[in-house]
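Chemist: Sharing structure-v4.txt, compact mmCIF, C-alpha atoms:
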```
# COMPACT_ATOMS: atom_id res chain seq x y z
CA MET C 1 0.44 -26.20 -26.31
CA ALA C 2 0.79 -22.43 -26.66
CA ILE C 3 1.84 -20.47 -23.59
CA LYS C 4 -1.01 -18.47 -22.04
CA ILE C 5 -0.26 -16.24 -19.05
CA PRO C 6 -3.18 -14.43 -17.36
CA LEU C 7 -2.81 -10.66 -16.92
CA ILE C 8 -4.31 -8.58 -14.12
CA LYS C 9 -6.06 -5.27 -14.63
CA ALA C 10 -4.51 -3.11 -11.95
CA ASN C 11 -3.96 0.54 -11.18
CA SER C 12 -0.41 1.77 -11.56
CA LEU C 13 0.64 5.42 -11.74
CA GLY C 14 -2.98 6.53 -11.80
CA TYR C 15 -4.35 4.44 -14.66
CA GLU C 16 -5.57 0.90 -15.25
CA ARG C 17 -2.80 -1.18 -16.82
CA ASP C 18 -2.28 -4.74 -17.99
CA MET C 19 -0.04 -6.15 -15.29
CA VAL C 20 1.50 -9.50 -14.49
CA THR C 21 3.11 -11.00 -11.41
CA PHE C 22 6.31 -12.94 -11.79
CA SER C 23 9.24 -14.34 -9.89
CA VAL C 24 12.95 -13.93 -10.61
CA LYS C 25 15.83 -16.22 -9.77
CA TYR C 26 18.96 -14.09 -9.52
CA GLY C 27 22.17 -16.03 -8.85
CA SER C 28 22.04 -17.99 -5.62
CA LEU C 29 19.63 -15.59 -3.89
CA PRO C 30 16.08 -16.66 -3.04
CA ASN C 31 13.52 -15.88 -5.75
CA PHE C 32 12.05 -12.41 -5.55
CA TYR C 33 8.52 -11.55 -6.61
CA ALA C 34 7.18 -8.49 -8.37
CA SER C 35 4.34 -7.12 -10.43
CA ALA C 36 5.00 -5.34 -13.71
CA ILE C 37 3.23 -3.35 -16.37
CA VAL C 38 3.27 -5.23 -19.68
CA ASP C 39 4.32 -2.42 -21.98
CA THR C 40 4.88 -2.88 -25.71
CA GLY C 41 6.30 0.67 -25.77
CA CYS C 42 9.09 -0.16 -23.32
CA PRO C 43 12.13 -1.66 -25.08
CA PHE C 44 13.49 -3.53 -22.03
CA CYS C 45 12.41 -5.44 -18.94
CA ILE C 46 13.02 -3.15 -16.01
CA ILE C 47 13.01 -3.94 -12.30
CA SER C 48 12.25 -0.86 -10.24
CA GLU C 49 14.63 0.28 -7.55
CA SER C 50 11.97 -0.19 -4.86
CA VAL C 51 11.66 -3.88 -5.84
CA LEU C 52 15.46 -4.26 -5.94
CA ASN C 53 15.56 -2.80 -2.44
CA LYS C 54 13.40 -5.70 -1.23
CA THR C 55 16.15 -8.09 -2.28
CA ARG C 56 19.83 -8.61 -1.45
CA ILE C 57 20.94 -7.80 -5.01
CA SER C 58 23.79 -5.29 -4.89
CA TYR C 59 22.79 -3.42 -8.03
CA ILE C 60 24.64 -0.13 -7.44
CA ASP C 61 27.94 -1.51 -8.75
CA LYS C 62 26.43 -3.14 -11.82
CA PRO C 63 27.47 -1.76 -15.21
CA VAL C 64 25.26 0.94 -16.64
CA HIS C 65 23.56 -0.23 -19.82
CA HIS C 66 22.03 3.10 -20.81
CA LYS C 67 23.08 6.26 -18.99
CA GLN C 68 20.38 8.70 -20.01
CA THR C 69 16.96 7.10 -20.04
CA TRP C 70 13.89 9.22 -19.39
CA LEU C 71 10.65 7.88 -17.99
CA GLY C 72 7.78 10.21 -17.13
CA GLY C 73 10.14 13.19 -16.81
CA ILE C 74 12.59 11.34 -14.55
CA LEU C 75 16.15 10.58 -15.59
CA PHE C 76 17.27 7.00 -15.05
CA GLU C 77 20.29 4.80 -15.33
CA LEU C 78 19.60 1.26 -16.43
CA LYS C 79 21.81 -1.12 -14.47
CA ASP C 80 22.62 -4.35 -16.26
CA LEU C 81 21.50 -7.25 -14.05
CA GLY C 82 22.33 -9.83 -16.72
CA GLU C 83 20.36 -12.89 -17.78
CA CYS C 84 17.93 -14.03 -15.11
CA LYS C 85 15.36 -16.80 -14.91
CA LEU C 86 11.81 -15.45 -14.84
CA PHE C 87 8.86 -17.57 -13.69
CA PHE C 88 5.22 -16.90 -14.52
CA ARG C 89 1.98 -18.72 -13.72
CA ASP C 90 0.06 -19.90 -16.78
CA HIS C 91 -3.74 -20.21 -17.11
CA GLU C 92 -3.58 -23.79 -15.81
CA ASN C 93 -1.55 -22.78 -12.74
CA LYS C 94 1.61 -24.33 -14.13
CA SER C 95 4.98 -22.65 -14.05
CA VAL C 96 6.46 -21.25 -17.25
CA SER C 97 10.02 -19.97 -17.17
CA PHE C 98 12.21 -17.90 -19.46
CA GLN C 99 15.83 -16.78 -19.47
CA HIS C 100 15.90 -13.05 -20.11
CA PRO C 101 18.12 -10.01 -19.48
CA LEU C 102 16.86 -7.64 -16.81
CA TYR C 103 17.77 -4.04 -16.05
CA GLY C 104 17.51 -2.17 -12.77
CA GLY C 105 15.84 1.23 -13.20
CA VAL C 106 17.66 3.60 -10.86
CA PRO C 107 16.51 7.25 -10.79
CA ILE C 108 19.39 9.75 -10.91
CA SER C 109 17.43 13.00 -10.81
CA LEU C 110 16.09 12.59 -7.31
CA LYS C 111 14.55 15.60 -5.65
CA PRO C 112 13.09 15.65 -2.13
CA GLY C 113 9.38 14.95 -2.06
CA GLN C 114 9.23 13.24 -5.46
CA PHE C 115 6.92 10.52 -4.19
CA PHE C 116 6.38 9.47 -7.78
CA LEU C 117 9.82 7.85 -7.70
CA GLN C 118 8.85 5.59 -4.83
CA GLN C 119 6.03 4.00 -6.75
CA LEU C 120 7.64 3.41 -10.11
CA PRO C 121 6.56 0.00 -11.38
CA CYS C 122 8.52 -2.74 -13.06
CA PHE C 123 8.08 -3.24 -16.79
CA ILE C 124 7.89 -6.33 -18.94
CA GLY C 125 9.01 -4.85 -22.22
CA LYS C 126 8.89 -5.44 -25.93
CA ASP C 127 12.17 -7.38 -25.93
CA PHE C 128 10.60 -10.10 -23.79
CA LEU C 129 7.44 -10.30 -25.91
CA ASP C 130 9.43 -10.38 -29.17
CA ARG C 131 11.92 -12.99 -28.03
CA ASN C 132 9.20 -15.33 -26.77
CA PHE C 133 6.58 -14.65 -29.49
CA LEU C 134 4.08 -13.39 -26.93
CA SER C 135 1.22 -11.00 -27.65
CA ILE C 136 -1.34 -9.31 -25.41
CA ILE C 137 -4.70 -10.95 -26.17
CA LYS C 138 -7.97 -9.32 -25.07
CA SER C 139 -10.87 -11.73 -24.59
CA ARG C 140 -14.50 -10.69 -24.97
CA ASP C 141 -15.12 -11.70 -21.34
CA GLY C 142 -12.82 -8.89 -20.24
CA SER C 143 -9.82 -11.04 -19.38
CA SER C 144 -6.38 -10.48 -20.89
CA TYR C 145 -3.50 -12.84 -21.54
CA LEU C 146 0.02 -12.94 -22.73
CA GLN C 147 -0.28 -15.62 -25.37
CA GLU C 148 2.29 -17.35 -27.50
CA VAL C 149 1.69 -16.80 -31.19
CA GLU C 150 1.78 -20.05 -33.19
CA MET P 1 10.65 -26.32 -6.73
CA GLU P 2 8.48 -25.00 -9.59
CA GLU P 3 5.27 -25.99 -7.75
CA LYS P 4 6.46 -23.91 -4.81
CA VAL P 5 7.10 -20.97 -7.13
CA VAL P 6 3.56 -21.23 -8.60
CA LEU P 7 2.03 -21.35 -5.12
CA SER P 8 4.08 -18.31 -4.09
CA LEU P 9 3.05 -16.51 -7.31
CA VAL P 10 -0.64 -17.21 -6.62
CA ASN P 11 -0.27 -15.88 -3.07
CA TYR P 12 1.74 -12.85 -4.21
CA GLU P 13 -0.92 -12.04 -6.81
CA LYS P 14 -3.69 -12.31 -4.17
CA ASP P 15 -1.75 -9.94 -1.90
CA PHE P 16 -1.17 -7.51 -4.77
CA ILE P 17 -4.92 -7.51 -5.54
CA ALA P 18 -5.69 -7.02 -1.81
CA PHE P 19 -3.33 -4.03 -1.80
CA GLN P 20 -5.03 -2.61 -4.90
CA LYS P 21 -8.50 -2.93 -3.30
CA GLN P 22 -7.36 -1.21 -0.11
CA LEU P 23 -5.37 1.54 -1.81
CA PRO P 24 -8.06 4.29 -1.49
CA ARG P 25 -8.30 3.63 2.26
CA LEU P 26 -4.52 3.40 2.64
CA ARG P 27 -4.14 6.88 1.13
CA VAL P 28 -6.00 8.10 4.23
CA THR P 29 -4.51 5.80 6.90
CA ASN P 30 -0.92 5.47 5.61
CA PRO P 31 -0.20 8.46 3.35
CA ASN P 32 3.32 8.57 1.86
CA GLU P 33 4.34 5.34 3.56
CA PHE P 34 5.48 1.95 2.39
CA VAL P 35 3.09 -0.87 3.22
CA ALA P 36 3.59 -4.64 3.21
CA PHE P 37 0.82 -7.14 2.45
CA LYS P 38 0.85 -10.84 3.32
CA GLU P 39 -2.06 -13.29 3.27
CA GLY P 40 -4.35 -10.48 2.13
CA LYS P 41 -3.61 -8.29 5.13
CA LEU P 42 -1.53 -5.24 5.92
CA VAL P 43 1.37 -6.62 8.00
CA SER P 44 3.67 -3.61 8.19
CA ALA P 45 3.86 0.07 7.32
CA GLY P 46 6.62 2.64 7.61
CA ASN P 47 8.66 5.41 6.10
CA SER P 48 11.28 3.26 4.39
CA ILE P 49 11.70 -0.12 2.77
CA GLU P 50 14.62 -0.80 5.12
CA LEU P 51 12.32 -0.38 8.14
CA ILE P 52 9.70 -2.67 6.58
CA LYS P 53 12.37 -5.27 5.78
CA GLU P 54 13.62 -5.23 9.37
CA ARG P 55 10.11 -5.74 10.71
CA LEU P 56 9.30 -8.50 8.22
CA ASN P 57 12.57 -10.30 8.94
CA SER P 58 11.93 -10.11 12.68
CA ASN P 59 8.53 -11.74 12.05
CA GLY P 60 10.07 -14.48 9.92
CA ILE P 61 8.62 -13.12 6.66
CA GLU P 62 10.90 -13.01 3.61
CA PRO P 63 10.71 -9.44 2.18
CA SER P 64 11.61 -10.49 -1.37
CA GLY P 65 8.46 -12.61 -1.49
CA THR P 66 6.21 -9.94 0.00
CA VAL P 67 4.13 -7.24 -1.67
CA ILE P 68 5.73 -3.97 -0.56
CA GLU P 69 4.28 -0.87 -2.18
CA PHE P 70 4.47 2.88 -1.66
CA VAL P 71 1.20 4.69 -0.94
CA SER P 72 1.23 8.28 -2.13
CA LYS P 73 -1.16 10.60 -0.33
CA ASP P 74 -2.59 11.82 -3.62
CA GLU P 75 -2.96 9.72 -6.71
CA ILE P 76 -0.24 10.48 -9.24
CA ARG P 77 -1.06 10.03 -12.92
CA VAL P 78 1.72 9.26 -15.38
CA ILE P 79 1.48 8.33 -19.03
CA VAL P 80 4.34 6.00 -19.88
```
Represent the structure of the file as structure tokens.
Modeler:
Amino acid sequence: MAIKIPLIKANSLGYERDMVTFSVKYGSLPNFYASAIVDTGCPFCIISESVLNKTRISYIDKPVHHKQTWLGGILFELKDLGECKLFFRDHENKSVSFQHPLYGGVPISLKPGQFFLQQLPCFIGKDFLDRNFLSIIKSRDGSSYLQEVE
Amino acid sequence: MEEKVVLSLVNYEKDFIAFQKQLPRLRVTNPNEFVAFKEGKLVSAGNSIELIKERLNSNGIEPSGTVIEFVSKDEIRVIV
């Protein structure tokens, strides 16, 4: 049966977005949980620094994947967190899991008072959708899904 | 193990939706603070994630499984 993961319509950075909650198993640490914008325009899956700060992942020393990455006028480094196991809830409340590389999005152009930086979301990017043959499906009843394409 | 993850995901999603619903009010009561939501309720608020983590840990709540979000005083709009 095709994978079907419900999306949430939620406000992030001032606009309604298609978002999803998920869990990540990183090494031997307990799973961490996050919400992310599903963004076909984002090439990678990015975990925000504020989410990383909830965990015990020591991301500062991780290798930098891309040094100069801009997002909304903010300069970032993408820290390579490696392949992780991601868990989602499908429409039947069953677990679906994927192995996928994750990157930590760490702002490097911090200025005092840039509250925007504190609320940067995570992103589920195009690489994840492509690798797992998932598309964003809009139903007529207003609900949205990430659905596996047959 | 996977059943536990699904249950935690359902609860996390409920807490995230609860945070979203309360966001307009939080901009007034907790401007420019981090807030933590558990079981649909605000359980901690403060100026840093480290402070929130300390409080959650002292209450036996695992921070990595908790909705912790920043509440900006004014809504910021970004096109990504």
Chemist: Using all atoms listed in the file, find which residues of chain C lie within 8 Å of chain P and jot them down as an mmCIF file with C-alpha atoms, in the coordinates of the input.
Modeler:
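Once written, out12.cif looks like this:
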```
data_model
loop_
_atom_site.group_PDB
_atom_site.id
_atom_site.type_symbol
_atom_site.label_atom_id
_atom_site.label_comp_id
_atom_site.auth_asym_id
_atom_site.auth_seq_id
_atom_site.Cartn_x
_atom_site.Cartn_y
_atom_site.Cartn_z
ATOM 1 C CA ALA C 10 -4.510 -3.110 -11.950
ATOM 2 C CA ASN C 11 -3.960 0.540 -11.180
ATOM 3 C CA LEU C 13 0.640 5.420 -11.740
ATOM 4 C CA GLY C 14 -2.980 6.530 -11.800
ATOM 5 C CA TYR C 15 -4.350 4.440 -14.660
ATOM 6 C CA THR C 21 3.110 -11.000 -11.410
ATOM 7 C CA PHE C 22 6.310 -12.940 -11.790
ATOM 8 C CA SER C 23 9.240 -14.340 -9.890
ATOM 9 C CA PRO C 30 16.080 -16.660 -3.040
ATOM 10 C CA ASN C 31 13.520 -15.880 -5.750
ATOM 11 C CA PHE C 32 12.050 -12.410 -5.550
ATOM 12 C CA TYR C 33 8.520 -11.550 -6.610
ATOM 13 C CA ALA C 34 7.180 -8.490 -8.370
ATOM 14 C CA SER C 35 4.340 -7.120 -10.430
ATOM 15 C CA SER C 50 11.970 -0.190 -4.860
ATOM 16 C CA VAL C 51 11.660 -3.880 -5.840
ATOM 17 C CA ASN C 53 15.560 -2.800 -2.440
ATOM 18 C CA LYS C 54 13.400 -5.700 -1.230
ATOM 19 C CA THR C 55 16.150 -8.090 -2.280
ATOM 20 C CA LEU C 71 10.650 7.880 -17.990
ATOM 21 C CA GLY C 72 7.780 10.210 -17.130
ATOM 22 C CA PHE C 87 8.860 -17.570 -13.690
ATOM 23 C CA PHE C 88 5.220 -16.900 -14.520
ATOM 24 C CA ARG C 89 1.980 -18.720 -13.720
ATOM 25 C CA ASN C 93 -1.550 -22.780 -12.740
ATOM 26 C CA LYS C 94 1.610 -24.330 -14.130
ATOM 27 C CA SER C 95 4.980 -22.650 -14.050
ATOM 28 C CA PHE C 115 6.920 10.520 -4.190
ATOM 29 C CA PHE C 116 6.380 9.470 -7.780
ATOM 30 C CA GLN C 118 8.850 5.590 -4.830
ATOM 31 C CA GLN C 119 6.030 4.000 -6.750
#
```
Chemist: For a quick check of your reading of the model, name the residues lying within 7 Å of the coordinate (14.3, 1.9, -16.1), counting only C-alpha atoms, and write them as a list in words.
Modeler: Ile46, Ser48, Phe76, Glu77, Leu78, Tyr103, Gly104, Gly105 and Val106 of chain C
Chemist: How many Å lie between CA of Met1 in chain C and CA of Glu150 in chain C, rounded to one decimal?
Modeler: 9.3 Å
Chemist: What gap, in Å, lies between CA of Ser135 in chain C and CA of Gly82 in chain C?
Modeler: 23.8 Å
Chemist: Expressed in Å to a single decimal, how great is the separation between CA of Ile47 in chain C and CA of Val24 in chain C?
Modeler: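 These two atoms are separated by 10.1 Å.
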Chemist: With 4 Å added on each side, what axis-aligned box encloses every listed atom of range 96-101 of chain C? Give the centre and edge lengths in Å to one decimal, as AutoDock Vina command-line options.
Modeler:
```
--center_x 12.3 --center_y -15.6 --center_z -18.6 --size_x 19.7 --size_y 19.2 --size_z 10.9
```
Chemist: With all atoms listed in the file as the basis for distance, which of C:Leu52, C:Ile37, C:Cys122, C:Leu146 is at the shortest distance from Val96 in chain C?
Modeler: C:Leu146
Chemist: Write out as a VMD selection string which residues come within 6 Å of Asp80 in chain C when counting all atoms listed in the file, dropping same-chain ones fewer than 6 positions away.
Modeler: chain C and resid 62 to 65 103
Chemist: Go ahead and write the selection's residues with C-alpha atoms as an mmCIF file, keeping the file's coordinate frame.
Modeler:
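The file below, part17.cif, is the result:
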```
data_model
loop_
_atom_site.group_PDB
_atom_site.id
_atom_site.type_symbol
_atom_site.label_atom_id
_atom_site.label_comp_id
_atom_site.auth_asym_id
_atom_site.auth_seq_id
_atom_site.Cartn_x
_atom_site.Cartn_y
_atom_site.Cartn_z
ATOM 1 C CA LYS C 62 26.430 -3.140 -11.820
ATOM 2 C CA PRO C 63 27.470 -1.760 -15.210
ATOM 3 C CA VAL C 64 25.260 0.940 -16.640
ATOM 4 C CA HIS C 65 23.560 -0.230 -19.820
ATOM 5 C CA TYR C 103 17.770 -4.040 -16.050
#
```
Chemist: Please list as a list of chain:residue names every residue within 7 Å of Val38 in chain C, counting all atoms listed in the file and excluding residues in the same chain fewer than 4 positions away.
Modeler: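 Contacts, in chain order: C:Asp18, C:Met19, C:Val20, C:Phe123, C:Ile124, C:Gly125.
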Chemist: Store the residues picked out above in a file with C-alpha atoms, as a tab-separated table (two decimals), keeping the file's coordinate frame.
Modeler:
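File selection.tsv, as written:
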```tsv
chain	number	residue	atom	x	y	z
C	18	ASP	CA	-2.28	-4.74	-17.99
C	19	MET	CA	-0.04	-6.15	-15.29
C	20	VAL	CA	1.50	-9.50	-14.49
C	123	PHE	CA	8.08	-3.24	-16.79
C	124	ILE	CA	7.89	-6.33	-18.94
C	125	GLY	CA	9.01	-4.85	-22.22
```
Chemist: Counting only C-alpha atoms, what is within 9 Å of Gln99 in chain C, bar same-chain residues fewer than 6 positions away, as a list in words?
Modeler: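 Answer for this query is Glu83, Cys84, Lys85 and Leu86 of chain C.
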Chemist: Please produce an output containing C-alpha atoms for each residue in the selection, written as a PDB file, in the coordinates of the input.
Modeler:
```pdb
ATOM      1  CA  GLU C  83      20.360 -12.890 -17.780  1.00  0.00           C
ATOM      2  CA  CYS C  84      17.930 -14.030 -15.110  1.00  0.00           C
ATOM      3  CA  LYS C  85      15.360 -16.800 -14.910  1.00  0.00           C
ATOM      4  CA  LEU C  86      11.810 -15.450 -14.840  1.00  0.00           C
TER       5      LEU C  86
END
```
